[in-house]
Each structure stands twice: as C-alpha cells, then as structure tokens.
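Comments concern the structure below.
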Protein chains: 2
Amino acid sequence: VKVVSYRQAGRHGVGVVTGAKGLIALAKAAPDLPDDLRKILEIDPTLAKVRAATAGKSADLSLDDIAFDPVIREPHATWALALNYKLHIEETGLTTSQTYPQIFLRMPVCQVGHKEPLWAPRKNIAEAYDYEGELAVIIGKPGRYIKREEAFTHVAGYSCYNEGSVREYQGHNRQFGLGKNFERSGSFGPWLMTPDEFGDPADHTLITRLNGIERQHAKISGLLHDVPRLIEYLSEGYTLQPGDVIVTGSPGALPLRPGEAPEKPIGKVIVAGQLHMRPGDVCDVEVDGLGVLSNPVIEDPTPPC
Amino acid sequence: VKVVSYRQAGRHGVGVVTGAKGLIALAKAAPDLPDDLRKILEIDPTLAKVRAATAGKSADLSLDDIAFDPVIREPHATWALALNYKLHIEETGLTTSQTYPQIFLRMPVCQVGHKEPLWAPRKNIAEAYDYEGELAVIIGKPGRYIKREEAFTHVAGYSCYNEGSVREYQGHNRQFGLGKNFERSGSFGPWLMTPDEFGDPADHTLITRLNGIERQHAKISGLLHDVPRLIEYLSEGYTLQPGDVIVTGSPGALPLRPGEAPEKPIGKVIVAGQLHMRPGDVCDVEVDGLGVLSNPVIEDPTPPC
C-alpha cells in the first residue's frame with residue numbers, strides 16, 4: 001500500500017491511496033489509530049492494521065484536495081548519507097570510508113511534504129542551494145544489533161527525498177551542521193510505499209529533474225553502503241525507532257547538455273552538471289515504480305527581525 | 001526558578017524546585033499546563049506562567065522521590081558544538097574555523113536525565129567511551145535572524161550536559177554521525193535554571209568529575225563562539241524552536257595527577273588526561289551556581305538479537 005500523511009481543513013491525517021487519485025482516510029476507516037504515521041508505526045510496525053482497515057474501501061478524498069505533509073512529520077531521527085554513490089564520490093573528488101558509512105542528521109523543520117514550497121535562502125545569506133535526489137527508508141519494527149540478513153524485516157516502507165543543501169554553510173566547518181538543516185530546505189514524499197509493493201531498492205532507479213530537465217539518473221544498485229548495511233550499522237549504536245528515516249545518499253550529476261554553460265562556481269566543491277535551485281524553479285525527485293516528489297522553490301519568506 | 005522534568009508512578013511531569021529538596025508539581029499548581037517542558041515553552045517561553053503558578057506554594061514531592069527525565073525529553077533539535085574551547089582545540093591538535101562554529105546534532109534516545117545510568121557500549125562494539133562536560137542552553141522564545149544583542153532574550157534557561165561520545169564511531173568517517181548518538185550515551189540535567197537566577201554564562205565555571213576526581217575545570221568565558229554568537233548563527237538557517245537545545249562544547253582535560261598512568265590510546269585523537277567511562281564509574285558535570293548532573297555508568301544491557 002501507499003500511505004500518505006496530509007493536512008485537510010487544518011487537521012493532520014493519514015490515508016491510503018486507492019486508484020489514481022483516491023485517498024481512504026484512516027480517521028474514518030480506522031478511527032482508533034493515531035492521526036500521525038510515526039505513532040501508527042509504533043503500534044502497527046508492518047502496517048497490517050492499516051491494510052486490514054482499508055482493504056476494499058472506497059476513497060473518501062482526492063489527492064487533489066489535500067496538502068501533503070512530510071511522510072513522517074516529526075521523526076525521532078532522520079539520518080542522511082554523505083558520499084554514498086560511487087559516481088558522486090568520483091565527481092566531488094572527496095574521499096570517504098569504504099567500510100563505514102558517512103552519516104549526519106537532519107531535523108524536522110528542514111523538511112516539507114510533496115508539492116509544498118522549498119525555501120531557497122535569501123541571497124544575502126547563501127546562494128549555493130542544491131537539490132540531492134535520494135531514496136528514503138522508513139523504519140517500522142524497532143531493533144538493535146540487526147544482522148544484514150534480517151534488515152529488510154525492519155523496513156516499513158520507502159519514499160523519495162530531496163536532501164536540499166546549502167553549500168556555503170555545509171562548508172563553514174568540518175561538520176555539515178546547519179548547511180544540511182536550513183528551514184524547509186528539503187522534502188519527503190509523496191508517500192510511503194510498503195516493501196511488498198516496492199520490492200528490492202537495488203532494482204530501482206532514481207531520477208532528479210530541475211524544471212523538467214533530467215539532472216540525476218542512477219541505479220540505486222550503485223549505493224556504496226546498501227540499505228541492509230545502513231540498518232546493520234546504525235543498529236550497533238541504538239535501537240532503531242519506528243518512524244526513523246534513513247536517507248540513503250545522492251548519486252552523481254548528469255553532464256550538462258550541449259550548449260549549457262556551467263554555473264559560476266560558489267564554494268569549494270564544484271560538480272559539473274550540478275545546478276543550484278532558485279526561486280521559481282520546480283524540482284522533482286522520482287524513484288521509478290514509487291512516484292514523484294515535486295516541489296516548487298520560493299525565496300525564504302521569513303521577515304528579517 | 002529551577003524547573004525539573006521527571007517521572008513518578010509511571011507518569012511524566014514538570015515541577016519547580018523549592019528549598020533544598022522540595023518539588024512543586026505543575027500537575028497540581030497549574031493543571032492547565034502540558035506535562036512536557038517543551039510543550040510548556042511553546043506557550044510560556046519565559047516561564048512566566050510557571051513562575052506565577054508556583055510562587056509561594058509549598059512542595060508536593062521530594063527530589064528523592066522522583067526519577068529525573070532529560071530537561072527536554074524530545075527536543076526538536078539538540079545542537080552540539082565541536083572544538084569550542086580554546087584549550088580543547090590545542091590539546092586535540094585539530095583545526096576548526098575561528099569564524100563559524102562547528103556543529104552537529106544529537107537525537108533524543110542518546111540522552112538520559114540526572115541520576116539515570118549512562119550506557120557504555122559493549123566491549124565488542126567500542127571501548128573509547130568518553131565524558132564531555134558542557135553547558136546546555138535551552139531556547140524559549142522562537143526567532144529567526146536573531147542579532148547578538150537580542151540573543152539572550154531567546155534563552156529560557158541553562159543546564160548541564162554530559163555529551164558522551166564513542167570515539168571509534170566518531171572517527172569512522174568525516175561526519176561524527178553515530179559516534180555522538182549512541183543510545184543513552186549522554187545526559188541532560190538536573191534541571192533548567194532561568195536566566196534571572198543564572199546570570200551571564202561567561203561568569204560561570206564548568207567542572208567534570210569522574211569517580212569524584214576533577215578531570216575538567218574551565219571558565220565558560222573560554223568559549224571560542226559564545227552563547228549569543230551560537231544563537232545568531234543558528235538563526236540564520238531556521239526559526240529556533242521552543243525547547244531547542246544548544247550544547248556549547250567541552251573544555252580541555254586537566255593533566256593526569258602525579259602517579260597516574262595515561263590510558264592505552266584507543267583511536268586517533270589522544271588527549272592527555274582524558275579518561276574513558278567504564279561500567280561502575282560515576283560521572284558528574286557541574287556548572288557552578290546551577291547544580292550537578294551526576295550519572296552512574298553501566299554496560300549497555302540491550303541483549304544481542
């Protein structure tokens with residue numbers, strides 16, 4: 001099933017997609033379940049109850065009538081991977097461990113849902129605001145010291161993630177810190193797709209389009225540290241929590257098309273073919289067979305204080 | 001006032017310290033307020049309502065009868081500072097920007113409250129588990145693009161933090177990632193002290209004791225990037241949220257005492273005088289005038305799966 005976190009008429013809800021545009025609202029189909037997907041996963045880690053409650057039901061709403069929330073609104077942890085596709089490592093010229101994943105955290109206010117505007121920093125703050133299309137993994141069943149072979153049993157589902165990054169701040173010091181955590185700089189959606197429908201992540205392809213033009217296109221089998229390895233590694237340190245998110249890393253950029261001039265470089269890491277996101281752009285991250293996460297970009301509207 | 005987050009009889013509560021050991025329970029003094037300090041700060045950022053509701057009241061409980069929760073149980077973000085005391089920078093031999101703070105995030109399950117056991121990793125996982133005594137700042141009033149001169153008006157209070165770190169994992173790759181986020185590896189408490197009682201952080205001293213012996217002792221005026229600068233910097237990227245925590249960095253280690261042998265080095269960064277935490281130890285972090293955060297250390301009891 002495909003599970004959506006949404007807002008409608010000022011209330012948060014969770015629903016299951018049916019047909020091309022229908023949504024079965026859990027508030028109606030399963031009123032005993034919480035209105036938050038993280039809380040649902042805490043009591044229904046494989047989404048068996050959600051499936052049972054919605055089987056055969058017809059749509060209460062249309063996807064056109066809702067506002068999409070991030071798939072998990074306030075995860076306990078959102079882990080993100082740096083330099084986890086072989087091609088991206090080569091193009092940046094950076095080095096990373098082949099043995100241990102390179103991981104950092106993103107906080108909840110740095111992400112929005114499908115169709116919601118991403119915020120580009122004001123020009124006086126930063127200009128190198130970049131997309132990073134990625135596959136997101138959402139944890140269901142909690143676990144510690146999880147073995148590779150058992151890892152997939154802890155996955156509740158998958159989604160798309162735009163791990164928007166502010167390069168100047170990312171490069172301010174050794175830890176990425178604030179550069180990976182600007183307000184509404186990233187997006188997470190459109191929905192969670194369960195593993196029975198999604199299959200093996202390695203069989204899928206990730207595509208990022210800026211204003212309709214492909215800028216990233218990579219097989220997810222190109223991950224340096226694959227999904228089972230990431231789950232195994234993180235679970236050495238703590239008991240993975242329901243609703244925790246692992247954003248698996250961004251692949252390389254496609255070369256610029258004939259006649260396209262490279263952007264004036266901002267910051268240290270220059271990747272040919274990587275363009276910045278600007279107000280007025282639309283950025284799409286697609287995982288084939290799962291869906292497309294699409295976001296317009298606006299200038300950060302927060303007034304200076 | 002000093003505000004405590006606690007558990008008693010299986011329920012979470014928030015209370016105000018009175019006298020040496022008394023606690024005024026907000027559940028009784030202000031039943032309309034939430035049972036969670038982050039949620040209280042969302043509606044009462046300066047704790048004025050908490051103060052008014054408890055003024056002149058007598059204790060409902062003793063501090064001996066409660067279990068201490070982390071001051072904020074599930075902060076939206078816990079920022080931590082690397083290399084933010086001049087002496088610590090020198091002793092590690094590492095470099096850091098003099099202009100921009102070096103920051104990373106910690107997630108909620110990596111922290112416990114006062115008196116709760118810290119978890120040392122099992123030996124087969126890691127051995128270099130280190131204390132880092134630090135001053136924690138808790139945000140009250142939200143804000144964006146906050147100027148240095150206004151920064152203190154956004155502070156709800158201060159506390160002590162043991163920013164426990166697993167060095168092997170911290171050194172696995174470029175980003176600290178999991179090494180700063182092991183389950184129950186850090187502690188946060190014993191309480192929030194409001195700025196009117198605490199005064200200027202730069203006037204205070206930070207002391208860490210392992211098994212009663214001083215191992216860190218530093219004036220908080222030795223911060224490379226001070227509290228107003230950290231608030232100013234973070235607010236360039238997002239609207240600081242009530243209950244957000246800034247853990248301001250750890251000072252250097254005191255030299256070993258005469259006759260003490262340095263520990264066998266584990267990992268890359270060797271600091272003379274820095275000892276590891278082991279099951280059976282007790283680690284105290286004191287900020288003078290605020291209080292002492294004390295935690296016993298046990299071996300991580302999570303069974304291998």
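Chain labels run A, B, ... following the order of the structure tokens; each chain numbers its residues from 1, and ligands are numbered from 1 in the order shown.
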
Contacts of segment 230-234 of chain B at 9 Å (only C-alpha atoms; same-chain gap of 3+ positions) as a PyMOL selection string
(chain A and resi 178) or (chain B and resi 100-101+144-148+150-152+154+225-227+237-240+246+248)

With only C-alpha atoms counted and 6 Å as the cut-off, give the residues of chain B in contact with chain A, each with its shortest interatomic distance in Å and the pair that gives it, as a tab-separated table.
residue	atom	partner	partner_atom	distance
B:Ser97	CA	A:Asn173	CA	5.9
B:Tyr100	CA	A:His172	CA	5.9
B:Gln102	CA	A:Asn173	CA	5.4
B:Ile103	CA	A:Gly177	CA	4.8
B:Phe104	CA	A:Gly177	CA	4.8
B:Tyr145	CA	A:Pro304	CA	5.9
B:His172	CA	A:Tyr100	CA	5.9
B:Asn173	CA	A:Gln102	CA	5.4
B:Gln175	CA	A:Gln175	CA	5.8
B:Gly177	CA	A:Phe104	CA	4.8
B:Phe182	CA	A:Gly237	CA	4.6
B:Glu183	CA	A:Tyr238	CA	4.7
B:Gly237	CA	A:Phe182	CA	4.6
B:Tyr238	CA	A:Glu183	CA	4.7
B:Pro304	CA	A:Tyr145	CA	6.0

Residues within 9 Å of Val71 of chain A, only C-alpha atoms, excluding chain neighbours under 4 positions, as an MDAnalysis selection string
chainID A and resid 3:6 37:38 112:114 159 188:192

Quick one: everything within 8 Å of Leu135 of chain A, counting only C-alpha atoms, minus sequence neighbours fewer than 5 positions away in the same chain. Send it as number ranges by chain.
A: 158-161, 206, 247-249, 287

Which distance in Å separates atom CA of Leu256 of chain B and atom CA of Asn124 of chain B, to one decimal?
27.5 Å

Restricting the calculation to only C-alpha atoms, which member of B:Leu118, B:Pro242, B:Arg167, B:Ala136 is positioned closest to Asp36 of chain B?
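Checking each candidate against Asp36 of chain B, we get B:Pro242 as the closest.
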
Excluding Asp288 of chain B and residues on its chain fewer than 5 positions from it, collect all residues at most 8 Å away from it, counting only C-alpha atoms, and give them as a PDB file with N, CA, C and O atoms, in the first residue's frame.
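In the end it all went to out.pdb:
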ATOM      1  N   HIS B 204      30.490  31.817  34.717  1.00  0.00           N
ATOM      2  CA  HIS B 204      30.426  30.535  35.418  1.00  0.00           C
ATOM      3  C   HIS B 204      31.600  29.628  35.056  1.00  0.00           C
ATOM      4  O   HIS B 204      32.340  29.899  34.111  1.00  0.00           O
ATOM      5  N   THR B 205      31.715  28.562  35.847  1.00  0.00           N
ATOM      6  CA  THR B 205      32.792  27.592  35.674  1.00  0.00           C
ATOM      7  C   THR B 205      32.187  26.208  35.472  1.00  0.00           C
ATOM      8  O   THR B 205      31.151  25.888  36.067  1.00  0.00           O
ATOM      9  N   LEU B 206      32.818  25.425  34.624  1.00  0.00           N
ATOM     10  CA  LEU B 206      32.365  24.068  34.313  1.00  0.00           C
ATOM     11  C   LEU B 206      33.365  23.079  34.890  1.00  0.00           C
ATOM     12  O   LEU B 206      34.567  23.222  34.679  1.00  0.00           O
ATOM     13  N   ILE B 207      32.849  22.089  35.611  1.00  0.00           N
ATOM     14  CA  ILE B 207      33.731  21.091  36.232  1.00  0.00           C
ATOM     15  C   ILE B 207      33.187  19.700  35.941  1.00  0.00           C
ATOM     16  O   ILE B 207      31.994  19.449  36.113  1.00  0.00           O
TER      17      ILE B 207
END

Distance criterion (only C-alpha atoms): nearest to Gly157 of chain A out of A:Gly10, A:Gly15, A:Gly243, A:Pro195:
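Smallest separation from Gly157 of chain A among the options: A:Pro195.
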
As a list in words, please: all residues of segment 85-134 of chain A that backbone DSSP puts in helix (DSSP H, G or I).
Lys86, Leu87, His88, Ile89, Glu90, Glu91, Thr92, Pro108, Val109 and Cys110 of chain A

Counting only C-alpha atoms, the residue among A:Lys57, A:Asp65, A:Ser187, A:Ile72 that lies closest to Val14 of chain A is A:Ile72

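The spacing separating atom CA of Asp44 of chain A from atom CA of Glu134 of chain A amounts to 25.8 Å.
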